[in-house]
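Before any comments, here is the structure.
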Amino acid sequence: MPDCLVIFDCDGVLVDSETLSAQVMRAMAAEAGLTVAREDALPLIRGRKVAEWVAELGEGLGRPLPDTFIPEFRRRTAVAFAAELRAVPNVEQVLRALALPFCTASSAPAEKVRLTLGLTGLLPYFEGRIYSAYDVGAWKPDPGLFRHAAADMGVAPERCAVVEDSLVGVQAGVAAGMTVFGYAPPGSGTDGPLRDAGALTFASMERLPALLDAWHARATARRTGGGRRAAS
């Protein structure tokens, strides 16, 4: 069984998709008659189940959005991703050098995760280790997705580290009993909220390897020390 496990969120942590998704959402909301301010768009969708924020748009509009809204949103974002999607800066270097086992657990459908990872060249790092909320019926901040990923990978929750960029993701990781690292790039405005929710925050993927190394060393020391005490 693996010693420890790193669980990466996908959107906003591995692939820089959320800004593109927010642009598509704003355009489609405007077409339906609802103006969403640019500064409100990303917080509305970050880390959340699409059906939830679509329902909120309908509340703001005063009527439900049509059933075609979500399929059209997915179609338009796929077009935008094909043209503009990039990996989060420096994340591939992190994955290439990471000695610990890792996987991804996302609130998005598995086919979207595979699409975005494929477009950015990151899919080979995660083949066979992609977990979707749609497959387990548990969306963040529910901890069920992270717990399922840990169980499937054979690692206890307390030996898992989660890398997240959303408030609901941090809440899910904390509720699952895992250590959470909150990616809060400059200008995102998320550092304070993620830290308040229980994450150890960092502003650049270049810092993540050292943070994970220190976490793994502490986890190993606790386990080794506990074993000695039990044997004495």
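Order determines the names: the first chain of the structure tokens is A, the second B, and so forth; residues in each chain are numbered 1 upward, and ligands are numbered 1 upward as they are shown.
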Write out as an NGL selection string the residues lying within 12 Å of Ala32 of chain A, counting only C-alpha atoms and excluding same-chain residues fewer than 3 positions away.
-> :A and (25-29 or 35-36 or 54 or 57-58 or 60-66 or 68-69)
Run DSSP on the backbone and give me the residues of segment 129-199 of chain A it puts in strand (DSSP E), as a VMD selection string.
-> chain A and resid 130 to 132 160 to 164 179 to 183
Could you save those same residues with all heavy atoms as a CSV table (one decimal), in the first residue's frame?
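Produced file again_17.csv, reproduced below:
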chain,number,residue,atom,x,y,z
A,130,ILE,N,-8.2,9.1,-12.1
A,130,ILE,CA,-9.0,10.2,-12.2
A,130,ILE,C,-10.3,9.9,-11.5
A,130,ILE,O,-11.0,8.9,-11.8
A,130,ILE,CB,-9.3,10.5,-13.7
A,130,ILE,CG1,-8.1,11.0,-14.4
A,130,ILE,CG2,-10.4,11.6,-13.8
A,130,ILE,CD1,-8.2,11.1,-15.9
A,131,TYR,N,-10.7,10.7,-10.5
A,131,TYR,CA,-11.9,10.5,-9.7
A,131,TYR,C,-12.8,11.7,-9.9
A,131,TYR,O,-12.4,12.9,-9.8
A,131,TYR,CB,-11.6,10.4,-8.3
A,131,TYR,CG,-10.7,9.2,-8.0
A,131,TYR,CD1,-9.3,9.3,-8.0
A,131,TYR,CD2,-11.2,7.9,-7.9
A,131,TYR,CE1,-8.5,8.2,-7.8
A,131,TYR,CE2,-10.4,6.8,-7.7
A,131,TYR,CZ,-9.1,6.9,-7.7
A,131,TYR,OH,-8.3,5.8,-7.5
A,132,SER,N,-14.1,11.4,-10.2
A,132,SER,CA,-15.1,12.5,-10.5
A,132,SER,C,-16.2,12.4,-9.5
A,132,SER,O,-16.7,11.3,-9.2
A,132,SER,CB,-15.6,12.3,-11.9
A,132,SER,OG,-16.8,13.1,-12.1
A,160,CYS,N,-3.2,11.7,3.6
A,160,CYS,CA,-3.4,12.3,2.3
A,160,CYS,C,-3.2,13.8,2.4
A,160,CYS,O,-3.6,14.4,3.3
A,160,CYS,CB,-4.8,12.0,1.8
A,160,CYS,SG,-5.1,10.3,1.4
A,161,ALA,N,-2.7,14.4,1.3
A,161,ALA,CA,-2.6,15.8,1.1
A,161,ALA,C,-3.4,16.2,-0.1
A,161,ALA,O,-3.4,15.5,-1.1
A,161,ALA,CB,-1.2,16.3,0.9
A,162,VAL,N,-4.3,17.2,0.1
A,162,VAL,CA,-5.1,17.7,-1.0
A,162,VAL,C,-4.6,19.0,-1.5
A,162,VAL,O,-4.2,19.9,-0.7
A,162,VAL,CB,-6.6,17.9,-0.5
A,162,VAL,CG1,-7.4,18.6,-1.5
A,162,VAL,CG2,-7.2,16.5,-0.2
A,163,VAL,N,-4.5,19.2,-2.8
A,163,VAL,CA,-4.1,20.5,-3.4
A,163,VAL,C,-5.4,21.1,-4.1
A,163,VAL,O,-5.9,20.5,-5.0
A,163,VAL,CB,-3.0,20.4,-4.4
A,163,VAL,CG1,-2.5,21.7,-4.9
A,163,VAL,CG2,-1.8,19.6,-3.8
A,164,GLU,N,-5.8,22.2,-3.6
A,164,GLU,CA,-7.1,22.8,-4.0
A,164,GLU,C,-6.9,24.3,-4.2
A,164,GLU,O,-6.0,24.9,-3.7
A,164,GLU,CB,-8.2,22.6,-2.9
A,164,GLU,CG,-9.0,21.4,-3.1
A,164,GLU,CD,-10.0,21.5,-4.3
A,164,GLU,OE1,-10.2,22.6,-4.8
A,164,GLU,OE2,-10.7,20.5,-4.6
A,179,THR,N,-4.7,16.8,5.1
A,179,THR,CA,-4.0,18.1,5.0
A,179,THR,C,-4.3,18.8,3.7
A,179,THR,O,-4.2,18.1,2.7
A,179,THR,CB,-2.5,17.9,5.2
A,179,THR,OG1,-2.3,17.2,6.5
A,179,THR,CG2,-1.7,19.2,5.1
A,180,VAL,N,-4.6,20.1,3.7
A,180,VAL,CA,-5.0,20.8,2.5
A,180,VAL,C,-4.0,21.9,2.2
A,180,VAL,O,-3.8,22.7,3.1
A,180,VAL,CB,-6.4,21.3,2.6
A,180,VAL,CG1,-6.8,21.9,1.3
A,180,VAL,CG2,-7.4,20.2,3.0
A,181,PHE,N,-3.5,21.9,1.0
A,181,PHE,CA,-2.7,23.0,0.5
A,181,PHE,C,-3.6,23.8,-0.5
A,181,PHE,O,-4.1,23.3,-1.4
A,181,PHE,CB,-1.4,22.5,-0.2
A,181,PHE,CG,-0.5,21.8,0.8
A,181,PHE,CD1,-0.6,20.4,0.9
A,181,PHE,CD2,0.4,22.5,1.5
A,181,PHE,CE1,0.3,19.7,1.8
A,181,PHE,CE2,1.2,21.8,2.4
A,181,PHE,CZ,1.2,20.4,2.5
A,182,GLY,N,-3.7,25.1,-0.2
A,182,GLY,CA,-4.5,26.0,-1.0
A,182,GLY,C,-3.7,26.8,-2.0
A,182,GLY,O,-3.0,27.7,-1.6
A,183,TYR,N,-3.9,26.6,-3.2
A,183,TYR,CA,-3.3,27.3,-4.3
A,183,TYR,C,-4.0,28.7,-4.5
A,183,TYR,O,-5.2,28.7,-4.9
A,183,TYR,CB,-3.3,26.6,-5.6
A,183,TYR,CG,-2.7,27.3,-6.8
A,183,TYR,CD1,-1.4,27.9,-6.7
A,183,TYR,CD2,-3.3,27.3,-8.0
A,183,TYR,CE1,-0.8,28.5,-7.8
A,183,TYR,CE2,-2.8,28.0,-9.1
A,183,TYR,CZ,-1.5,28.6,-9.0
A,183,TYR,OH,-1.0,29.2,-10.1
Close residues, Leu42 of chain A itself excluded, 9 Å, only C-alpha atoms, min 4 positions apart in chain, as number ranges by chain | A: 18-19, 21-23, 38, 46
Got a sec: who's within 8 Å of Val136 of chain A, counting only C-alpha atoms, leaving out chain neighbours fewer than 3 positions off, as a PDB file with N, CA and C atoms, in the first residue's frame?
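Just written: selection-v9.pdb:
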ATOM      1  N   SER A 132     -14.098  11.430 -10.236  1.00  0.00           N
ATOM      2  CA  SER A 132     -15.088  12.474 -10.514  1.00  0.00           C
ATOM      3  C   SER A 132     -16.238  12.397  -9.524  1.00  0.00           C
ATOM      4  N   ALA A 133     -16.716  13.573  -9.110  1.00  0.00           N
ATOM      5  CA  ALA A 133     -17.871  13.632  -8.223  1.00  0.00           C
ATOM      6  C   ALA A 133     -19.091  12.987  -8.862  1.00  0.00           C
ATOM      7  N   GLY A 144     -16.963  13.202   0.502  1.00  0.00           N
ATOM      8  CA  GLY A 144     -17.079  11.858  -0.045  1.00  0.00           C
ATOM      9  C   GLY A 144     -16.163  11.561  -1.207  1.00  0.00           C
ATOM     10  N   LEU A 145     -15.965  12.536  -2.094  1.00  0.00           N
ATOM     11  CA  LEU A 145     -15.106  12.311  -3.256  1.00  0.00           C
ATOM     12  C   LEU A 145     -13.667  12.061  -2.833  1.00  0.00           C
ATOM     13  N   HIS A 148     -13.356   8.694  -1.159  1.00  0.00           N
ATOM     14  CA  HIS A 148     -13.412   7.612  -2.144  1.00  0.00           C
ATOM     15  C   HIS A 148     -12.072   7.454  -2.856  1.00  0.00           C
TER      16      HIS A 148
END
Write out, as JSON lines, each residue of segment 133-176 of chain A that has an atom at most 12 Å from segment 198-215 of chain A, together with the closest pair of atoms and their distance in Å to one decimal, counting only C-alpha atoms, rows going by chain and rising number.
{"residue": "A:Glu158", "atom": "CA", "partner": "A:Trp215", "partner_atom": "CA", "distance": 11.4}
{"residue": "A:Arg159", "atom": "CA", "partner": "A:Trp215", "partner_atom": "CA", "distance": 9.6}
{"residue": "A:Cys160", "atom": "CA", "partner": "A:Trp215", "partner_atom": "CA", "distance": 9.7}
{"residue": "A:Ala161", "atom": "CA", "partner": "A:Leu212", "partner_atom": "CA", "distance": 7.9}
{"residue": "A:Val162", "atom": "CA", "partner": "A:Ala199", "partner_atom": "CA", "distance": 9.2}
{"residue": "A:Val163", "atom": "CA", "partner": "A:Leu208", "partner_atom": "CA", "distance": 9.1}
{"residue": "A:Glu164", "atom": "CA", "partner": "A:Ala199", "partner_atom": "CA", "distance": 8.6}
{"residue": "A:Asp165", "atom": "CA", "partner": "A:Thr201", "partner_atom": "CA", "distance": 9.2}
{"residue": "A:Ser166", "atom": "CA", "partner": "A:Ala199", "partner_atom": "CA", "distance": 10.3}
{"residue": "A:Leu167", "atom": "CA", "partner": "A:Ala199", "partner_atom": "CA", "distance": 9.3}
{"residue": "A:Val168", "atom": "CA", "partner": "A:Gly198", "partner_atom": "CA", "distance": 11.3}
{"residue": "A:Gly169", "atom": "CA", "partner": "A:Ala199", "partner_atom": "CA", "distance": 9.9}
{"residue": "A:Val170", "atom": "CA", "partner": "A:Ala199", "partner_atom": "CA", "distance": 6.4}
{"residue": "A:Gln171", "atom": "CA", "partner": "A:Gly198", "partner_atom": "CA", "distance": 7.6}
{"residue": "A:Ala172", "atom": "CA", "partner": "A:Gly198", "partner_atom": "CA", "distance": 10.4}
{"residue": "A:Gly173", "atom": "CA", "partner": "A:Ala199", "partner_atom": "CA", "distance": 8.9}
{"residue": "A:Val174", "atom": "CA", "partner": "A:Gly198", "partner_atom": "CA", "distance": 6.7}
{"residue": "A:Ala175", "atom": "CA", "partner": "A:Gly198", "partner_atom": "CA", "distance": 9.9}
In Å, how far is it from atom CA of Val94 of chain A to atom CA of Gly128 of chain A?
-> 19.0 Å
Selection: 10 Å around Glu127 of chain A, only C-alpha atoms, excl. self and same-chain fewer than 5 positions, as an MDAnalysis selection string = chainID A and resid 103:104 114 117 122
Would you save the residues of that selection, restricted to all heavy atoms, as a compact mmCIF listing (two decimals), in the first residue's frame?
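Saved the output as result_13.txt:
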# COMPACT_ATOMS: atom_id res chain seq x y z
N CYS A 103 -3.11 11.50 -7.53
CA CYS A 103 -4.27 11.32 -8.38
C CYS A 103 -4.97 12.66 -8.50
O CYS A 103 -4.52 13.66 -7.93
CB CYS A 103 -5.23 10.27 -7.79
SG CYS A 103 -5.94 10.73 -6.20
N THR A 104 -6.08 12.71 -9.25
CA THR A 104 -6.89 13.92 -9.31
C THR A 104 -8.32 13.58 -8.95
O THR A 104 -8.83 12.52 -9.30
CB THR A 104 -6.81 14.60 -10.69
OG1 THR A 104 -7.59 15.81 -10.67
CG2 THR A 104 -7.35 13.70 -11.79
N ARG A 114 -10.66 14.39 -18.47
CA ARG A 114 -9.79 13.77 -19.46
C ARG A 114 -9.54 14.71 -20.63
O ARG A 114 -8.42 14.77 -21.16
CB ARG A 114 -10.41 12.46 -19.96
CG ARG A 114 -10.44 11.36 -18.91
CD ARG A 114 -10.93 10.04 -19.49
NE ARG A 114 -10.00 9.57 -20.52
CZ ARG A 114 -8.91 8.87 -20.28
NH1 ARG A 114 -8.59 8.55 -19.04
NH2 ARG A 114 -8.13 8.47 -21.26
N LEU A 117 -7.10 17.58 -19.36
CA LEU A 117 -5.76 17.04 -19.13
C LEU A 117 -5.11 16.65 -20.45
O LEU A 117 -3.91 16.84 -20.65
CB LEU A 117 -5.82 15.84 -18.19
CG LEU A 117 -6.22 16.11 -16.74
CD1 LEU A 117 -6.27 14.80 -15.95
CD2 LEU A 117 -5.28 17.10 -16.08
N LEU A 122 -1.21 16.72 -19.81
CA LEU A 122 -1.05 16.18 -18.46
C LEU A 122 -1.72 14.83 -18.26
O LEU A 122 -1.53 14.18 -17.23
CB LEU A 122 -1.64 17.17 -17.42
CG LEU A 122 -1.01 18.56 -17.38
CD1 LEU A 122 -1.68 19.39 -16.29
CD2 LEU A 122 0.49 18.50 -17.18
To one decimal in Å, tell me the separation between atom CA of Ala150 of chain A and atom CA of Gly121 of chain A.
-> 24.5 Å
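When the distance limit is 9 Å and only C-alpha atoms are what count, the residues near Leu100 of chain A, minus those fewer than 3 positions from it on the same chain, are Pro2, Asp3, Cys4, Leu5, Val6 and His216 of chain A.
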How would the residues just chosen look if you wrote them out with C-alpha atoms as an mmCIF file, in the first residue's frame?
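File selection10.cif, as written:
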data_model
loop_
_atom_site.group_PDB
_atom_site.id
_atom_site.type_symbol
_atom_site.label_atom_id
_atom_site.label_comp_id
_atom_site.auth_asym_id
_atom_site.auth_seq_id
_atom_site.Cartn_x
_atom_site.Cartn_y
_atom_site.Cartn_z
ATOM 1 C CA PRO A 2 1.210 3.554 -0.727
ATOM 2 C CA ASP A 3 2.809 5.408 2.155
ATOM 3 C CA CYS A 4 1.076 8.733 1.482
ATOM 4 C CA LEU A 5 -1.042 10.225 -1.302
ATOM 5 C CA VAL A 6 -1.378 13.635 -2.946
ATOM 6 C CA HIS A 216 5.611 13.955 4.048
#
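Atom CA of Leu123 of chain A lies 22.2 Å from atom CA of Val155 of chain A.
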As a PyMOL selection string, please: all residues of segment 16-224 of chain A that backbone DSSP puts in helix (DSSP H, G or I).
-> chain A and resi 18-32+38-45+50-61+69-84+91-97+110-119+123-125+133-136+144-153+157-159+167-175+191-196+205-224
Using only C-alpha atoms, which residue out of A:Thr224, A:Ser188, A:Thr116, A:Ser106 lies closest to Ala87 of chain A?
->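 Checking each candidate against Ala87 of chain A, we get A:Thr116 as the closest.
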Spatial neighbours of Arg76 of chain A, 9 Å, only C-alpha atoms, chain gap at least 5 places, as a ChimeraX atom specification = /A:21,24,71,81
Those same residues, written as a PDB file, in the first residue's frame with N, CA and C atoms?
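File part14.pdb, as written:
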ATOM      1  N   SER A  21     -13.899  29.234 -18.487  1.00  0.00           N
ATOM      2  CA  SER A  21     -15.273  28.844 -18.157  1.00  0.00           C
ATOM      3  C   SER A  21     -16.091  30.038 -17.681  1.00  0.00           C
ATOM      4  N   VAL A  24     -17.179  32.135 -20.671  1.00  0.00           N
ATOM      5  CA  VAL A  24     -18.301  31.513 -21.381  1.00  0.00           C
ATOM      6  C   VAL A  24     -19.584  31.701 -20.582  1.00  0.00           C
ATOM      7  N   PRO A  71     -25.722  21.745 -21.440  1.00  0.00           N
ATOM      8  CA  PRO A  71     -25.031  21.140 -22.588  1.00  0.00           C
ATOM      9  C   PRO A  71     -24.365  22.176 -23.491  1.00  0.00           C
ATOM     10  N   PHE A  81     -11.568  25.707 -24.675  1.00  0.00           N
ATOM     11  CA  PHE A  81     -10.428  24.941 -24.188  1.00  0.00           C
ATOM     12  C   PHE A  81      -9.522  24.509 -25.344  1.00  0.00           C
TER      13      PHE A  81
END
